[in-house]
Amino acid sequence: MKKRKWFLSLWFWVLIFMLMGICFGAISPVQAKACKPLIDHFIEIIRILVGPIIFLTVISGIIGMGSLKSLGTIGLKSFIYFEAFSTIALVLGLCSAKLLDIGHDMNLSVARMDPGLVAKYIHTTHKSTEIGQILLNVIPHNPITPFITGNTLQVLFMAIVSGFILFYFGGKFRNSVGKAIKNLQHIAFKILSVVMLFSPVAAFSAMAFMIGEFGINILLQMFGLVLAMFGTCVFFILVILGIIAKLNGFSILKFLNLIKDEIILVFATSSSESALGPIMNKLTKSGVEQSVVGIVIPAGYSFNLDGTNIYLAMVIAFLCHAFNIRLSWTEYLFIIGVLMATSKGAAGVSGAGFIVLAGTLSVMHGKIPVVTIGILLGIDKVMSELRSTTNLIGNSVATVVIATWEKKLDRAKFNQALAVGKERD
């Protein structure tokens, strides 16, 4: 493998176009706001491609397994891992906000907040965040809609069921079906690679719209909260994930270098969906068995939202400080318990951070009025970038760790990819 020249790499051009978008948004805000359809269409195309890629990858992985016992083991270990690290992220976010005392002395008044600012988030919160409803929604009403809407959990459910059927009843045709599915998977990834060539344009439009809509001051407003969120996410990635990576035989810094294209793309678009297909492809090419990639990555997008958990815990503590609301540590522990359930509804929902936050506050019997989240509207775009990026990294590390536990990682191929900073073509 030859190391690609940095100025020919996708990440470099995404960064360049991001800077161009910021400049354009600052110079010409009205025209910049008109760029929004570009990023909307780009994410919509990615969302449509993600469904077939997950579906084909999961089925191919199940058919290729020697037994379905391995699938059950992967699922169980993934669930345990997700719950453990989601809880760590919540506790870390809460402790960080309390220790840094962010929002202290702001002395804001609940009475002065406009309920209309957060009305649309309150309206959808119960439907989106109740854990029972989330589990019921795993089963789609029809097999087409999940692919159109990009509902990863429903697509994953259909893929597992289809994989079971083909594994048990495929008989002598199973190998032929498996080969056909691999060919379709190859075509889907080829189409995705072509679409990803337009990611610098998507990054430009996303940054131009953000600056045009909210102004350059969005990067400075409530700087303390943004800085605290950034520092906490970096600590979680480098220390918490760094330790688990080290214990499983790889360097977190080298791993971040390997997936830097996807990290920059997610940060630019504020959408972890934009990198779902590319990260699955990259991890598979880097030596992680596709049966693990196909299960852990899609499931993690709904159940392993480390960045979102850090955000939710920090913001709740911030609101208490800013509005002079006093909660006991028992009440904070109650919040963590609620967040462990409500955060599972954050995946694939427009305005997910606000919807889940509103859902959490609504079950606290008015301790923290839902209307208080209105002060976060101006910086939510920046916070969204931080939480989406952390979610991507957390899920990617989880996939490699679980593959290591299951002995489904080609260590030589993976180490080579880490050394070069690029998967094998």
# chains A, B, ... in the order shown; residues from 1 in each chain; ligands from 1

$ closest_atom_pairs --of "segment 34-111 of chain A" --to "segment 270-289 of chain A" --cutoff "7 Å" --atoms "only C-alpha atoms" --output "JSON lines"
{"residue": "A:Ile43", "atom": "CA", "partner": "A:Ser274", "partner_atom": "CA", "distance": 6.0}
{"residue": "A:Ile46", "atom": "CA", "partner": "A:Ser274", "partner_atom": "CA", "distance": 5.9}
{"residue": "A:Arg47", "atom": "CA", "partner": "A:Glu273", "partner_atom": "CA", "distance": 6.7}
{"residue": "A:Val50", "atom": "CA", "partner": "A:Gly277", "partner_atom": "CA", "distance": 5.7}
{"residue": "A:Ile53", "atom": "CA", "partner": "A:Gly277", "partner_atom": "CA", "distance": 6.7}

$ closest_residue --among "A:Asn395, A:Ser60, A:Ser205, A:Asn248" --to "Val177 of chain A" --atoms "only C-alpha atoms"
A:Ser60

$ atom_distance --atom1 "atom CA of Asn304 of chain A" --atom2 "atom CA of Phe82 of chain A"
5.0 Å

$ residues_around --residues "Arg174 of chain A" --least-positions-apart "2" --cutoff "12 Å" --atoms "only C-alpha atoms" --output "ChimeraX atom specification"
/A:59-60,62-65,163-172,176-181

$ write_last_selection --atoms "N, CA and C atoms" --output "short mmCIF file (atom, residue, chain, number, x, y, z; two decimals), in the first residue's frame"
data_model
loop_
_atom_site.label_atom_id
_atom_site.label_comp_id
_atom_site.auth_asym_id
_atom_site.auth_seq_id
_atom_site.Cartn_x
_atom_site.Cartn_y
_atom_site.Cartn_z
N ILE A 59 -26.87 -9.46 5.95
CA ILE A 59 -27.23 -10.77 5.37
C ILE A 59 -25.99 -11.53 4.94
N SER A 60 -25.06 -10.84 4.29
CA SER A 60 -23.83 -11.48 3.84
C SER A 60 -23.04 -12.03 5.02
N ILE A 62 -24.25 -12.94 8.02
CA ILE A 62 -24.96 -14.08 8.64
C ILE A 62 -24.79 -15.34 7.80
N ILE A 63 -24.94 -15.20 6.48
CA ILE A 63 -24.78 -16.37 5.60
C ILE A 63 -23.37 -16.94 5.71
N GLY A 64 -22.39 -16.05 5.90
CA GLY A 64 -21.00 -16.50 5.96
C GLY A 64 -20.59 -17.07 7.31
N MET A 65 -21.45 -16.98 8.32
CA MET A 65 -21.13 -17.52 9.64
C MET A 65 -21.23 -19.04 9.65
N GLY A 163 -31.57 -12.89 7.02
CA GLY A 163 -30.35 -13.69 7.14
C GLY A 163 -30.64 -15.04 7.78
N PHE A 164 -31.48 -15.05 8.84
CA PHE A 164 -31.88 -16.31 9.48
C PHE A 164 -32.55 -17.24 8.47
N ILE A 165 -33.48 -16.69 7.71
CA ILE A 165 -34.23 -17.50 6.73
C ILE A 165 -33.30 -18.11 5.70
N LEU A 166 -32.40 -17.29 5.16
CA LEU A 166 -31.47 -17.79 4.14
C LEU A 166 -30.49 -18.79 4.73
N PHE A 167 -30.09 -18.59 5.99
CA PHE A 167 -29.13 -19.49 6.62
C PHE A 167 -29.75 -20.88 6.83
N TYR A 168 -30.99 -20.89 7.31
CA TYR A 168 -31.64 -22.17 7.64
C TYR A 168 -32.25 -22.88 6.43
N PHE A 169 -32.80 -22.09 5.51
CA PHE A 169 -33.55 -22.71 4.41
C PHE A 169 -32.88 -22.56 3.05
N GLY A 170 -31.72 -21.92 3.03
CA GLY A 170 -31.05 -21.71 1.75
C GLY A 170 -30.54 -23.00 1.13
N GLY A 171 -30.12 -23.94 2.00
CA GLY A 171 -29.63 -25.23 1.52
C GLY A 171 -28.49 -25.08 0.52
N LYS A 172 -28.59 -25.81 -0.58
CA LYS A 172 -27.51 -25.79 -1.57
C LYS A 172 -27.43 -24.47 -2.33
N SER A 176 -24.68 -19.67 -3.49
CA SER A 176 -24.97 -18.88 -4.69
C SER A 176 -25.63 -17.55 -4.30
N VAL A 177 -26.56 -17.61 -3.35
CA VAL A 177 -27.22 -16.40 -2.88
C VAL A 177 -26.20 -15.47 -2.20
N GLY A 178 -25.32 -16.07 -1.41
CA GLY A 178 -24.30 -15.29 -0.73
C GLY A 178 -23.39 -14.57 -1.71
N LYS A 179 -23.03 -15.25 -2.80
CA LYS A 179 -22.18 -14.63 -3.81
C LYS A 179 -22.89 -13.48 -4.51
N ALA A 180 -24.18 -13.68 -4.82
CA ALA A 180 -24.97 -12.62 -5.47
C ALA A 180 -25.09 -11.40 -4.56
N ILE A 181 -25.30 -11.64 -3.26
CA ILE A 181 -25.43 -10.54 -2.31
C ILE A 181 -24.11 -9.77 -2.20
#

$ closest_atom_pairs --of "segment 3-90 of chain A" --to "segment 240-243 of chain A" --cutoff "12 Å" --atoms "only C-alpha atoms" --output "CSV"
residue,atom,partner,partner_atom,distance
A:Tyr81,CA,A:Leu241,CA,11.9
A:Ala84,CA,A:Ile240,CA,11.7
A:Phe85,CA,A:Ile240,CA,8.9
A:Ser86,CA,A:Ile240,CA,11.6
A:Ile88,CA,A:Ile240,CA,8.7
A:Ala89,CA,A:Ile240,CA,9.1

$ atom_distance --atom1 "atom CA of Val14 of chain A" --atom2 "atom CA of Thr399 of chain A"
25.4 Å

$ closest_residue --among "A:Ala268, A:Leu409, A:Leu94, A:Ala206" --to "Cys320 of chain A" --atoms "only C-alpha atoms"
A:Leu94

$ residues_around --residues "segment 307-312 of chain A" --least-positions-apart "6" --cutoff "7 Å" --atoms "only C-alpha atoms" --output "list in words"
Ser86, Ala89, Leu90, Leu92, Gly93, Met229, Cys233, Ser343, Leu357, Arg387, Ser388, Thr390 and Asn391 of chain A

$ write_last_selection --atoms "N, CA and C atoms" --output "compact mmCIF listing (two decimals), in the first residue's frame"
# COMPACT_ATOMS: atom_id res chain seq x y z
N SER A 86 -22.23 3.87 27.49
CA SER A 86 -23.23 4.93 27.52
C SER A 86 -23.36 5.51 28.92
N ALA A 89 -20.34 7.63 29.70
CA ALA A 89 -20.46 8.93 29.03
C ALA A 89 -21.40 9.86 29.80
N LEU A 90 -22.51 9.33 30.29
CA LEU A 90 -23.46 10.13 31.06
C LEU A 90 -22.83 10.64 32.35
N LEU A 92 -19.66 10.92 33.06
CA LEU A 92 -18.57 11.84 32.73
C LEU A 92 -19.10 13.23 32.39
N GLY A 93 -20.16 13.28 31.58
CA GLY A 93 -20.74 14.56 31.21
C GLY A 93 -21.27 15.32 32.41
N MET A 229 -17.87 21.14 26.55
CA MET A 229 -18.33 19.98 25.78
C MET A 229 -17.19 19.41 24.94
N CYS A 233 -15.55 15.68 25.47
CA CYS A 233 -15.55 14.70 24.37
C CYS A 233 -14.13 14.23 24.05
N SER A 343 -32.21 8.44 25.83
CA SER A 343 -31.17 8.69 24.82
C SER A 343 -31.22 7.68 23.69
N LEU A 357 -33.77 15.80 25.02
CA LEU A 357 -33.63 16.64 26.20
C LEU A 357 -35.00 17.04 26.74
N ARG A 387 -21.24 16.16 19.22
CA ARG A 387 -21.84 14.90 19.65
C ARG A 387 -21.88 13.88 18.51
N SER A 388 -22.12 14.32 17.28
CA SER A 388 -22.15 13.39 16.14
C SER A 388 -20.78 12.78 15.90
N THR A 390 -18.35 12.40 18.12
CA THR A 390 -18.04 11.48 19.22
C THR A 390 -18.82 10.19 19.08
N ASN A 391 -20.08 10.27 18.63
CA ASN A 391 -20.87 9.06 18.39
C ASN A 391 -20.20 8.16 17.36
